[in-house]
file input30.csv (CSV, C-alpha atoms)
chain,number,residue,atom,x,y,z
F,5,MET,CA,-5.3,0.7,-39.2
F,6,ASN,CA,-6.5,4.2,-38.2
F,7,ALA,CA,-4.8,6.3,-35.5
F,8,ARG,CA,-7.4,5.5,-32.9
F,9,ARG,CA,-6.9,1.7,-33.3
F,10,VAL,CA,-3.1,2.1,-33.4
F,11,LEU,CA,-3.1,3.8,-30.0
F,12,PHE,CA,-5.4,1.3,-28.3
F,13,ALA,CA,-3.6,-1.6,-30.0
F,14,LEU,CA,-0.2,-0.3,-28.8
F,15,LEU,CA,-1.5,0.1,-25.3
F,16,ALA,CA,-3.0,-3.4,-25.3
F,17,LEU,CA,0.3,-4.8,-26.6
F,18,PHE,CA,2.3,-3.4,-23.8
F,19,GLY,CA,-0.1,-4.0,-20.9
F,20,PRO,CA,-1.6,-4.1,-18.5
F,21,MET,CA,1.6,-4.8,-16.5
F,22,PRO,CA,3.2,-3.5,-13.3
F,23,LEU,CA,5.9,-0.9,-13.9
F,24,ALA,CA,7.9,-1.6,-10.7
F,25,GLY,CA,11.5,-0.9,-11.3
F,26,GLN,CA,10.9,0.3,-14.9
F,27,LEU,CA,9.8,3.9,-15.6
F,28,ILE,CA,8.0,4.8,-12.4
F,29,GLU,CA,9.8,4.5,-9.1
F,30,ASP,CA,8.7,2.0,-6.5
F,31,VAL,CA,9.5,4.5,-3.8
F,32,GLU,CA,8.0,8.0,-3.6
F,33,GLU,CA,9.6,10.3,-0.9
F,34,GLY,CA,10.7,7.3,1.2
F,35,VAL,CA,7.3,5.5,1.0
F,36,ARG,CA,7.4,2.1,-0.7
F,37,LEU,CA,4.6,1.7,-3.2
F,38,GLY,CA,3.3,-1.3,-5.1
F,39,ALA,CA,0.1,-2.2,-3.2
F,40,VAL,CA,-2.0,-1.3,-6.2
F,41,PRO,CA,-1.5,-3.6,-9.2
F,42,SER,CA,-0.8,-0.6,-11.5
F,43,GLU,CA,-2.1,-0.6,-15.1
F,44,ILE,CA,-0.3,2.7,-16.0
F,45,GLN,CA,1.7,2.0,-19.1
F,46,PRO,CA,5.2,3.3,-20.3
F,47,PRO,CA,4.9,6.4,-22.5
F,48,ILE,CA,6.0,4.6,-25.7
F,49,SER,CA,6.5,7.2,-28.4
F,50,ASP,CA,4.1,5.8,-31.0
F,51,ALA,CA,1.3,6.1,-28.4
F,52,VAL,CA,2.1,9.4,-26.8
F,53,ARG,CA,3.3,11.4,-29.7
F,54,PRO,CA,-0.1,11.7,-31.5
F,55,LEU,CA,-1.7,12.9,-28.2
F,56,LEU,CA,0.9,15.5,-27.7
F,57,GLU,CA,0.7,16.6,-31.4
F,58,ALA,CA,-3.0,17.3,-30.8
F,59,MET,CA,-2.0,19.9,-28.3
F,60,CYS,CA,1.3,21.3,-29.7
F,61,PRO,CA,1.6,20.3,-33.4
F,62,GLY,CA,5.2,20.4,-34.5
F,63,ARG,CA,6.5,21.3,-31.0
F,64,VAL,CA,6.8,17.8,-29.4
F,65,ILE,CA,10.3,17.4,-27.8
F,66,ARG,CA,12.1,15.2,-25.3
F,67,ASN,CA,12.3,17.5,-22.3
F,68,SER,CA,15.9,17.7,-21.1
F,69,TYR,CA,14.9,18.3,-17.5
F,70,PHE,CA,12.3,15.5,-17.1
F,71,GLN,CA,14.0,13.2,-19.7
F,72,GLN,CA,10.5,12.5,-21.0
F,73,SER,CA,8.5,13.4,-24.2
F,74,GLY,CA,6.3,16.4,-23.8
F,75,CYS,CA,5.4,19.8,-25.4
F,76,ASP,CA,8.0,22.5,-25.7
F,77,GLU,CA,7.6,24.8,-22.7
F,78,MET,CA,7.4,27.8,-25.0
F,79,VAL,CA,4.2,26.6,-26.5
F,80,PRO,CA,1.5,29.2,-25.8
F,81,GLU,CA,-1.1,28.1,-23.2
F,82,PRO,CA,-4.7,28.0,-24.4
F,83,GLY,CA,-6.0,31.2,-22.6
F,84,ASP,CA,-8.3,30.5,-19.7
F,85,SER,CA,-8.8,26.8,-20.7
F,86,THR,CA,-8.8,24.2,-18.0
F,87,TRP,CA,-6.0,22.2,-19.7
F,88,ARG,CA,-2.3,22.8,-20.1
F,89,PRO,CA,0.1,20.7,-22.3
F,90,PRO,CA,2.3,18.5,-20.2
F,91,LEU,CA,6.0,19.2,-20.5
F,92,GLY,CA,6.9,15.6,-19.7
F,93,VAL,CA,4.8,12.4,-19.8
F,94,ASN,CA,5.8,9.5,-17.5
F,95,GLY,CA,2.7,7.2,-18.0
F,96,ILE,CA,-0.4,6.6,-20.0
F,97,LEU,CA,-3.6,4.7,-19.6
F,98,ALA,CA,-6.6,4.2,-22.0
F,99,GLY,CA,-10.1,3.5,-20.8
F,100,HIS,CA,-13.7,4.5,-20.7
F,101,PHE,CA,-13.7,7.2,-18.1
F,102,LEU,CA,-16.4,9.5,-19.3
F,103,SER,CA,-18.9,6.8,-20.4
F,104,SER,CA,-19.0,3.2,-21.5
F,105,THR,CA,-18.6,4.2,-25.2
F,106,THR,CA,-16.1,7.0,-25.0
F,107,GLU,CA,-12.4,6.4,-25.8
F,108,ASP,CA,-10.4,8.3,-23.2
F,109,VAL,CA,-6.8,8.6,-22.2
F,110,ILE,CA,-5.0,9.9,-19.2
F,111,LEU,CA,-1.4,11.1,-19.3
F,112,SER,CA,0.5,11.2,-16.1
F,113,GLY,CA,2.9,14.1,-16.4
F,114,ASN,CA,4.7,17.1,-15.1
F,115,ARG,CA,4.7,20.9,-15.5
F,116,PHE,CA,7.4,21.8,-12.9
F,117,GLU,CA,5.1,21.1,-10.0
F,118,ASP,CA,6.6,21.4,-6.5
F,119,HIS,CA,6.3,19.4,-3.3
F,120,ALA,CA,2.8,20.8,-2.5
F,121,ASP,CA,1.5,19.2,-5.7
F,122,ARG,CA,3.6,16.0,-5.3
F,123,TRP,CA,5.7,16.8,-8.3
F,124,GLY,CA,3.2,16.1,-11.0
F,125,GLY,CA,-0.3,16.2,-12.5
F,126,THR,CA,-2.7,14.5,-14.9
F,127,LEU,CA,-4.2,15.3,-18.3
F,128,LEU,CA,-7.5,13.8,-19.4
F,129,MET,CA,-8.2,13.5,-23.2
F,130,THR,CA,-11.1,12.1,-25.1
F,131,ARG,CA,-11.6,11.3,-28.8
F,132,GLN,CA,-14.2,13.4,-30.5
F,133,ASP,CA,-15.0,13.6,-34.2
F,134,GLY,CA,-12.0,11.5,-35.0
F,135,ALA,CA,-9.5,13.7,-33.1
F,136,TRP,CA,-8.0,13.7,-29.6
F,137,LYS,CA,-9.3,16.6,-27.5
F,138,PRO,CA,-7.7,17.6,-24.1
F,139,LEU,CA,-10.3,18.2,-21.4
F,140,TRP,CA,-8.4,19.2,-18.3
F,141,TYR,CA,-5.0,19.2,-16.7
F,142,ARG,CA,-4.8,19.1,-12.9
F,143,ALA,CA,-1.6,19.6,-10.9
F,144,GLY,CA,-1.6,17.4,-7.8
F,145,ILE,CA,-3.8,14.7,-9.3
F,146,ILE,CA,-1.3,11.9,-9.2
F,147,THR,CA,-1.8,8.9,-11.5
F,148,ARG,CA,1.6,7.3,-11.5
F,149,HIS,CA,0.3,4.1,-9.8
F,150,CYS,CA,-3.4,3.3,-10.6
F,151,MET,CA,-5.8,0.5,-11.6
F,152,THR,CA,-9.1,0.6,-13.3
F,153,VAL,CA,-12.4,-0.4,-11.6
F,154,PRO,CA,-15.7,-1.0,-13.5
F,155,ALA,CA,-18.3,1.4,-12.1
F,156,SER,CA,-21.9,2.0,-12.8
F,157,GLN,CA,-23.2,2.2,-16.4
F,158,GLY,CA,-20.0,0.8,-17.9
F,159,ARG,CA,-17.8,3.7,-16.9
F,160,GLN,CA,-14.4,3.1,-15.2
F,161,ILE,CA,-12.9,4.9,-12.2
F,162,LEU,CA,-9.4,4.6,-10.8
F,163,VAL,CA,-7.9,3.4,-7.5
F,164,CYS,CA,-4.5,5.0,-7.1
F,165,GLU,CA,-1.7,5.3,-4.6
F,166,SER,CA,1.1,7.8,-3.9
F,167,GLY,CA,3.7,8.5,-1.2
F,168,TYR,CA,4.3,11.7,0.7
F,169,GLN,CA,6.6,12.9,3.4
F,170,VAL,CA,6.4,16.1,5.5
F,171,ALA,CA,7.4,17.2,9.0
F,172,GLY,CA,8.6,13.7,10.0
F,173,HIS,CA,5.5,12.0,8.8
F,174,LYS,CA,5.5,9.4,6.0
F,175,GLN,CA,2.1,8.9,4.3
F,176,HIS,CA,1.0,6.2,1.9
F,177,ALA,CA,-2.2,7.5,0.4
F,178,LEU,CA,-4.8,5.2,-1.3
F,179,TYR,CA,-7.6,7.1,-3.1
F,180,SER,CA,-10.2,6.7,-5.9
F,181,LEU,CA,-10.6,9.0,-8.9
F,182,ASP,CA,-13.7,9.7,-10.9
F,183,LEU,CA,-12.4,11.3,-14.1
F,184,GLN,CA,-15.4,13.4,-15.0
F,185,ALA,CA,-15.5,15.7,-18.0
F,186,GLY,CA,-15.8,18.9,-16.1
F,187,ASP,CA,-13.7,18.2,-13.0
F,188,PRO,CA,-12.1,15.1,-11.4
F,189,VAL,CA,-13.5,14.0,-8.1
F,190,GLN,CA,-11.0,12.4,-5.7
F,191,GLU,CA,-11.8,10.5,-2.6
F,192,LEU,CA,-9.2,9.6,0.0
F,193,LEU,CA,-9.8,6.1,1.2
F,194,LEU,CA,-7.0,5.9,3.7
F,195,ALA,CA,-3.6,7.4,4.4
F,196,THR,CA,-1.1,5.6,6.6
F,197,ASP,CA,1.0,7.7,8.9
F,198,THR,CA,4.5,6.5,10.0
F,199,PHE,CA,6.3,8.8,12.5
F,200,ASP,CA,8.6,8.9,15.5
F,201,ALA,CA,7.6,11.8,17.8
F,202,PRO,CA,8.4,12.6,21.4
F,203,GLY,CA,6.2,10.3,23.5
F,204,GLU,CA,4.6,8.4,20.6
F,205,LYS,CA,5.6,6.3,17.7
F,206,GLN,CA,3.7,4.7,14.8
F,207,THR,CA,4.4,2.4,11.8
F,208,GLN,CA,1.8,1.9,9.2
F,209,THR,CA,2.2,0.3,5.7
F,210,VAL,CA,-0.2,-0.6,3.0
F,211,ASN,CA,0.7,-4.0,1.7
F,212,ALA,CA,-2.0,-4.9,-0.8
F,213,ALA,CA,-5.1,-3.5,-2.5
F,214,GLU,CA,-7.1,-6.3,-4.0
F,215,LEU,CA,-10.3,-5.9,-6.0
F,216,ILE,CA,-12.8,-8.7,-5.3
F,217,ALA,CA,-15.9,-9.5,-7.4
F,218,THR,CA,-19.0,-10.1,-5.2
F,219,ALA,CA,-22.7,-10.5,-5.9
F,220,ASN,CA,-23.2,-6.9,-4.9
F,221,GLY,CA,-20.4,-5.5,-7.0
F,222,PRO,CA,-16.6,-4.9,-6.6
F,223,LEU,CA,-15.1,-4.9,-3.2
F,224,LEU,CA,-11.7,-3.3,-2.5
F,225,ARG,CA,-9.8,-5.1,0.3
F,226,VAL,CA,-6.8,-3.2,1.7
F,227,GLY,CA,-4.3,-5.2,3.6
F,228,MET,CA,-2.0,-3.3,6.0
F,229,PHE,CA,0.4,-3.4,8.9
F,230,HIS,CA,-0.1,-1.2,12.0
F,231,ALA,CA,1.9,-0.8,15.2
F,232,ARG,CA,1.6,2.1,17.6
F,233,SER,CA,3.3,2.7,20.9
F,234,GLU,CA,3.0,5.4,23.6
F,235,CYS,CA,5.0,6.6,26.6
F,236,ARG,CA,2.9,7.4,29.7
F,237,LYS,CA,5.6,9.8,31.1
F,238,GLU,CA,6.4,13.3,30.1
F,239,TRP,CA,8.0,13.2,26.7
F,240,HIS,CA,11.4,14.4,27.9
F,241,GLU,CA,11.5,11.5,30.5
F,242,CYS,CA,10.7,8.8,27.9
F,243,GLY,CA,13.4,6.1,27.3
F,244,GLU,CA,13.2,3.3,24.8
F,245,ASN,CA,11.9,0.9,27.5
F,246,ASP,CA,9.1,3.3,28.5
F,247,PHE,CA,7.0,2.7,25.4
F,248,ILE,CA,4.1,0.3,25.4
F,249,ALA,CA,1.8,-0.9,22.6
F,250,ALA,CA,-1.4,1.0,22.1
F,251,ASP,CA,-4.7,-0.4,20.9
F,252,PRO,CA,-5.3,-1.9,18.4
F,253,PRO,CA,-2.3,-4.3,19.0
F,254,PRO,CA,0.5,-4.5,16.4
F,255,GLY,CA,-0.4,-6.7,13.5
F,256,GLU,CA,-1.8,-7.3,10.0
F,257,TYR,CA,-5.2,-5.9,9.3
F,258,ALA,CA,-7.7,-5.8,6.4
F,259,ILE,CA,-10.2,-3.0,5.7
F,260,ASN,CA,-13.0,-3.5,3.1
F,261,PHE,CA,-14.5,-0.8,0.9
F,262,GLU,CA,-17.7,-1.4,-1.1
F,263,LEU,CA,-18.4,0.3,-4.5
F,264,GLN,CA,-21.6,2.3,-4.5
F,265,GLY,CA,-22.1,3.9,-7.9
F,266,THR,CA,-18.8,5.6,-8.5
F,267,ARG,CA,-17.7,5.9,-4.8
F,268,PHE,CA,-16.0,3.5,-2.5
F,269,VAL,CA,-17.5,3.5,1.0
F,270,ILE,CA,-16.2,1.6,4.0
F,271,SER,CA,-18.0,-1.7,4.7
F,272,PRO,CA,-20.0,-1.5,7.9
F,273,ALA,CA,-17.9,-4.4,9.4
F,274,SER,CA,-14.7,-2.3,8.8
F,275,VAL,CA,-15.9,1.0,10.3
F,276,GLU,CA,-14.8,0.3,13.9
F,277,LEU,CA,-11.3,-0.9,12.9
F,278,PHE,CA,-11.0,2.1,10.5
F,279,THR,CA,-11.8,4.5,13.3
F,280,GLN,CA,-9.2,2.9,15.5
F,281,LEU,CA,-6.5,3.0,12.8
F,282,PHE,CA,-7.3,6.4,11.3
F,283,PRO,CA,-8.9,8.6,13.9
F,284,GLU,CA,-8.2,11.8,12.0
F,285,LEU,CA,-9.9,10.5,8.8
F,286,ALA,CA,-12.7,8.9,10.8
F,287,GLU,CA,-13.9,12.5,11.6
F,288,TYR,CA,-15.0,12.7,8.0
F,289,LEU,CA,-17.3,9.7,8.1
F,290,PRO,CA,-19.8,8.7,6.8
F,291,GLU,CA,-19.4,11.1,3.8
F,292,GLY,CA,-15.7,10.5,3.5
F,293,LEU,CA,-13.0,13.0,2.4
F,294,VAL,CA,-13.7,14.2,-1.1
F,295,THR,CA,-11.5,16.7,-2.9
F,296,HIS,CA,-10.5,17.9,-6.4
F,297,GLY,CA,-6.8,17.5,-5.8
F,298,GLU,CA,-4.3,15.3,-4.1
F,299,PRO,CA,-5.7,14.2,-0.7
F,300,PRO,CA,-4.2,16.2,2.2
F,301,ALA,CA,-2.1,14.5,4.9
F,302,PRO,CA,-3.9,13.6,8.1
F,303,HIS,CA,-1.4,15.7,10.1
call {"tool": "encode", "arguments": {"input": "input30.csv", "output": "C-alpha cells"}}
result
Amino acid sequence: MNARRVLFALLALFGPMPLAGQLIEDVEEGVRLGAVPSEIQPPISDAVRPLLEAMCPGRVIRNSYFQQSGCDEMVPEPGDSTWRPPLGVNGILAGHFLSSTTEDVILSGNRFEDHADRWGGTLLMTRQDGAWKPLWYRAGIITRHCMTVPASQGRQILVCESGYQVAGHKQHALYSLDLQAGDPVQELLLATDTFDAPGEKQTQTVNAAELIATANGPLLRVGMFHARSECRKEWHECGENDFIAADPPPGEYAINFELQGTRFVISPASVELFTQLFPELAEYLPEGLVTHGEPPAPH
C-alpha cells in the first residue's frame, strides 16, 4: 500500500470520533466546548510523520514544550512563503478541501502563538505529483474542534468552534472555514457572550450544532441557552434583587443557517431572533462577518 493510501487508511481507522477528554481539551479558557461533533483526529505518528518529513526531512522531533510531534524549531523557514512548519501538531483531518478530487490534509498545531491568536494555528497540505505539499500556515485559524460539511461541486468546508476569554467576557465562537488554496476564508456564524458587569449580566452557551439534510441542501441548526438581566438603577445602586430579565426571556433557543455555495447564511425565519440575541453581530447582516483569521470578539 502506497504512502497516500496508508495515511487515508489510518485516518479512516481512527475516525471520525469525538476527542472529548482525549488529546484536545473540552474546555478552552473557561468555555466548555463540544457542541460541534468534531472529526479532528489524534495525531498518530504513522499519519503525521510523513507530512512533517515533507517539510523538515530528518528534523521531526517530539517538542518538549508542546509534548507533541513537530518540526525542530531550528529548521530554516522557507523565505517569504505563506507556510511555516508546525512545531507541534495536536490534530489532523483529511478531506477534499480544494476540490472534489484533491487529497488534502489540515494539521491543527502550534508555533508559540499567544493569547491574541488563541494559542495556535492551522497548516493546509495537498498531495501533488505523489508528494505532500504545504500550501499555507495561518496563526489564529483554530481547527481543534471541527466537522466537515459537503459544499458545492463536491468540495468540503468546515464548521468549527473555539473558546475565548478577555476582559470579563467569555465567548464561545462558532464559525465556518473555506480552506482555499490561496487564503482561508472564515465566517463568524455566532459568538456567545457571558459576562457579569455593573448593571447588566448575561449567560449564553452553545449546546449543539447539528447538520440537517434538506431538499435545498445542508442546514446547520444551533441550539443555545440565553439569559440576560438588567438593573434600571445607576450601576452603583444595583443590588442582587434589582435585576430583571430582559427580552428575549431566559430559555433555550435554536438558530438555523442555510448553506449557499460555500457560505452559511442565516435562515430568514431566524434573523429576528439572531438580532435580539447578538445585536453586535447583527450589525454585519446581511453579508455576515468574514475574515481571514480567528473571528474577533463582539466586545
call {"tool": "residues_around", "arguments": {"input": "input30.csv", "residues": "segment 57-66 of chain F", "least_positions_apart": "2", "cutoff": "9 Å", "atoms": "all atoms listed in the file", "output": "list of chain:residue names"}}
result
F:Val52, F:Arg53, F:Pro54, F:Leu55, F:Ser68, F:Tyr69, F:Phe70, F:Gln71, F:Gln72, F:Ser73, F:Gly74, F:Cys75, F:Asp76, F:Met78, F:Val79, F:Pro80, F:Arg88, F:Pro89, F:Leu91, F:Gly92, F:Ala135, F:Trp136, F:Lys137, F:Pro138
call {"tool": "residues_around", "arguments": {"input": "input30.csv", "residues": "Thr266 of chain F", "least_positions_apart": "6", "cutoff": "9 Å", "atoms": "all atoms listed in the file", "output": "list in words"}}
result
Pro154, Ala155, Ser156, Arg159, Gln160, Ile161, Leu181 and Asp182 of chain F
call {"tool": "atom_distance", "arguments": {"input": "input30.csv", "atom1": "atom CA of Asp50 of chain F", "atom2": "atom CA of Arg148 of chain F"}}
result
19.7 Å
call {"tool": "closest_residue", "arguments": {"input": "input30.csv", "among": "F:Ser274, F:Ser180, F:Ser233, F:Ser166", "to": "Asp30 of chain F", "atoms": "only C-alpha atoms"}}
result
F:Ser166
call {"tool": "closest_residue", "arguments": {"input": "input30.csv", "among": "F:Ala120, F:Thr147, F:Asn220, F:Val40", "to": "Gly265 of chain F", "atoms": "all atoms listed in the file"}}
result
F:Asn220
call {"tool": "residues_around", "arguments": {"input": "input30.csv", "residues": "segment 101-109 of chain F", "least_positions_apart": "4", "cutoff": "7 Å", "atoms": "all atoms listed in the file", "output": "NGL selection string"}}
result
:F and (97 or 128-131 or 157-161 or 183-185)
call {"tool": "closest_residue", "arguments": {"input": "input30.csv", "among": "F:Phe116, F:Tyr179, F:Phe247, F:Tyr141", "to": "Thr295 of chain F", "atoms": "all atoms listed in the file"}}
result
F:Tyr179
call {"tool": "atom_distance", "arguments": {"input": "input30.csv", "atom1": "atom CA of Glu256 of chain F", "atom2": "atom CA of Leu293 of chain F"}}
result
24.4 Å
call {"tool": "residues_around", "arguments": {"input": "input30.csv", "residues": "Gln206 of chain F", "least_positions_apart": "4", "cutoff": "6 Å", "atoms": "all atoms listed in the file", "output": "PDB file with C-alpha atoms, in the coordinates of the input"}}
result
ATOM      1  CA  THR F 198       4.500   6.500  10.000  1.00  0.00           C
ATOM      2  CA  PHE F 199       6.300   8.800  12.500  1.00  0.00           C
ATOM      3  CA  ALA F 231       1.900  -0.800  15.200  1.00  0.00           C
ATOM      4  CA  ARG F 232       1.600   2.100  17.600  1.00  0.00           C
TER       5      ARG F 232
END
call {"tool": "closest_residue", "arguments": {"input": "input30.csv", "among": "F:Asp251, F:Asp187, F:Asp118, F:Glu262", "to": "Arg142 of chain F", "atoms": "all atoms listed in the file"}}
result
F:Asp187
call {"tool": "residues_around", "arguments": {"input": "input30.csv", "residues": "Gly95 of chain F", "least_positions_apart": "4", "cutoff": "7 Å", "atoms": "all atoms listed in the file", "output": "short mmCIF file (atom, residue, chain, number, x, y, z; two decimals) with C-alpha atoms, in the frame of the given file"}}
result
data_model
loop_
_atom_site.label_atom_id
_atom_site.label_comp_id
_atom_site.auth_asym_id
_atom_site.auth_seq_id
_atom_site.Cartn_x
_atom_site.Cartn_y
_atom_site.Cartn_z
CA ILE F 44 -0.30 2.70 -16.00
CA GLN F 45 1.70 2.00 -19.10
CA PRO F 46 5.20 3.30 -20.30
CA PRO F 47 4.90 6.40 -22.50
CA LEU F 111 -1.40 11.10 -19.30
CA SER F 112 0.50 11.20 -16.10
CA ARG F 148 1.60 7.30 -11.50
#
call {"tool": "atom_distance", "arguments": {"input": "input30.csv", "atom1": "atom CA of Glu191 of chain F", "atom2": "atom CA of Val294 of chain F"}}
result
4.4 Å
call {"tool": "closest_residue", "arguments": {"input": "input30.csv", "among": "F:Gln169, F:Pro188, F:Glu244, F:Gly34", "to": "Lys205 of chain F", "atoms": "all atoms listed in the file"}}
result
F:Glu244
